[in-house]
Amino acid sequence: MENERYYQMLRQFLAASGLTVVQFAEKANIIPEILKESFDTTSKLMIGNFISVAIGCQKAIGEQNDARKKTELQRLYTRYFAEYLEECPNEFLSISNPHFIRRIEEMAALAGEEVSAKVRHLLHPGEEKLAAAKPNAALSLEEKDAFHTKLNELLALLNKDGQREILKRIEELTYVPAYQNREKS
């Protein structure tokens, strides 16, 4: 059966967590029937379902009070994540949303450094080449002053909600490799 190892890893995680499919589906914010059908048919793997299930796994790990059981769930989560990476590495190449990328990187971090490194490589292809490239020159003092003046003028036009939103958007830009200041790395 296609993707059997992936679904086997997920079944092992569920068994170790002590959660039913319905309980786990609630944590993963998936309709229980869809999750059950996925198990029964070992359906095609999709990044959206993987993300939802990974979120469910994270919640189950975070809610676990027994240290030994938590360690076992962590180990199974790592195997589950690694299996998805092996089966569907190209799924990560199409992700462009900075919030989505950051979320996946957080999920990969929980799976350990080896998985996290593979995910970073897939989410940021060619970044090694960018890091080796000559960094952009820093702004001159005059350019910085003009920049800060213009930024303050624009911020003054926004209410508090608008100012919070602009901070989110600026943060998003920091995740775009083409806009990163390599001197700060």
# chains A, B, ... in the order shown; residues from 1 in each chain; ligands from 1
>>> closest_atom_pairs(of="region 2-31 of chain A", to="region 52-63 of chain A", cutoff="8 Å", atoms="only C-alpha atoms", output="CSV")
residue,atom,partner,partner_atom,distance
A:Phe13,CA,A:Cys57,CA,7.9
A:Ser17,CA,A:Ala60,CA,6.9
A:Phe24,CA,A:Gly56,CA,6.4
A:Ala25,CA,A:Gly56,CA,7.3
A:Glu26,CA,A:Gly56,CA,7.9
A:Lys27,CA,A:Gly56,CA,4.7
A:Ala28,CA,A:Gly56,CA,3.8
A:Asn29,CA,A:Ser52,CA,6.6
A:Ile30,CA,A:Ser52,CA,7.0
>>> residues_around(residues="Gln12 (chain A)", least_positions_apart="6", cutoff="12 Å", atoms="only C-alpha atoms", output="PyMOL selection string")
chain A and resi 5-6+18-21+39+57+72-80
>>> closest_residue(among="A:Thr71, A:Glu4, A:Pro32, A:Pro98", to="Lys168 (chain A)", atoms="only C-alpha atoms")
A:Pro98
>>> atom_distance(atom1="CA of Asp40 (chain A)", atom2="CA of Tyr7 (chain A)")
9.3 Å
>>> residues_around(residues="region 112-119 of chain A", least_positions_apart="2", cutoff="12 Å", atoms="only C-alpha atoms", output="VMD selection string")
chain A and resid 74 to 86 88 to 93 95 101 to 110 121 to 125
>>> atom_distance(atom1="CA of Ile47 (chain A)", atom2="CA of Leu167 (chain A)")
28.3 Å
>>> decode(residues="region 142-158 of chain A", atoms="N, CA and C atoms", output="CSV table (one decimal), in the first residue's frame")
chain,number,residue,atom,x,y,z
A,142,GLU,N,23.0,59.5,6.4
A,142,GLU,CA,22.0,60.3,5.8
A,142,GLU,C,20.8,59.5,5.3
A,143,GLU,N,21.1,58.3,4.7
A,143,GLU,CA,20.0,57.4,4.3
A,143,GLU,C,19.2,56.9,5.4
A,144,LYS,N,19.9,56.6,6.6
A,144,LYS,CA,19.2,56.1,7.8
A,144,LYS,C,18.3,57.2,8.3
A,145,ASP,N,18.8,58.4,8.4
A,145,ASP,CA,18.0,59.6,8.9
A,145,ASP,C,16.7,59.8,8.0
A,146,ALA,N,16.9,59.7,6.7
A,146,ALA,CA,15.8,59.9,5.8
A,146,ALA,C,14.8,58.8,5.9
A,147,PHE,N,15.3,57.6,6.1
A,147,PHE,CA,14.5,56.4,6.2
A,147,PHE,C,13.7,56.5,7.5
A,148,HIS,N,14.3,56.8,8.6
A,148,HIS,CA,13.6,56.9,9.9
A,148,HIS,C,12.5,58.0,9.9
A,149,THR,N,12.9,59.1,9.2
A,149,THR,CA,11.9,60.3,9.1
A,149,THR,C,10.7,59.8,8.3
A,150,LYS,N,10.9,59.2,7.2
A,150,LYS,CA,9.8,58.7,6.4
A,150,LYS,C,9.0,57.7,7.1
A,151,LEU,N,9.7,56.7,7.8
A,151,LEU,CA,9.0,55.7,8.5
A,151,LEU,C,8.1,56.3,9.6
A,152,ASN,N,8.6,57.2,10.3
A,152,ASN,CA,7.9,57.9,11.4
A,152,ASN,C,6.7,58.6,10.9
A,153,GLU,N,6.8,59.3,9.7
A,153,GLU,CA,5.7,60.0,9.1
A,153,GLU,C,4.6,59.0,8.7
A,154,LEU,N,5.0,57.9,8.1
A,154,LEU,CA,4.0,56.9,7.7
A,154,LEU,C,3.3,56.3,9.0
A,155,LEU,N,4.1,56.0,10.0
A,155,LEU,CA,3.5,55.4,11.2
A,155,LEU,C,2.5,56.3,11.9
A,156,ALA,N,2.8,57.6,11.8
A,156,ALA,CA,1.9,58.6,12.4
A,156,ALA,C,0.5,58.6,11.7
A,157,LEU,N,0.5,58.2,10.5
A,157,LEU,CA,-0.8,58.1,9.8
A,157,LEU,C,-1.7,56.9,10.2
A,158,LEU,N,-1.1,56.0,10.9
A,158,LEU,CA,-1.8,54.8,11.2
A,158,LEU,C,-2.3,54.8,12.7
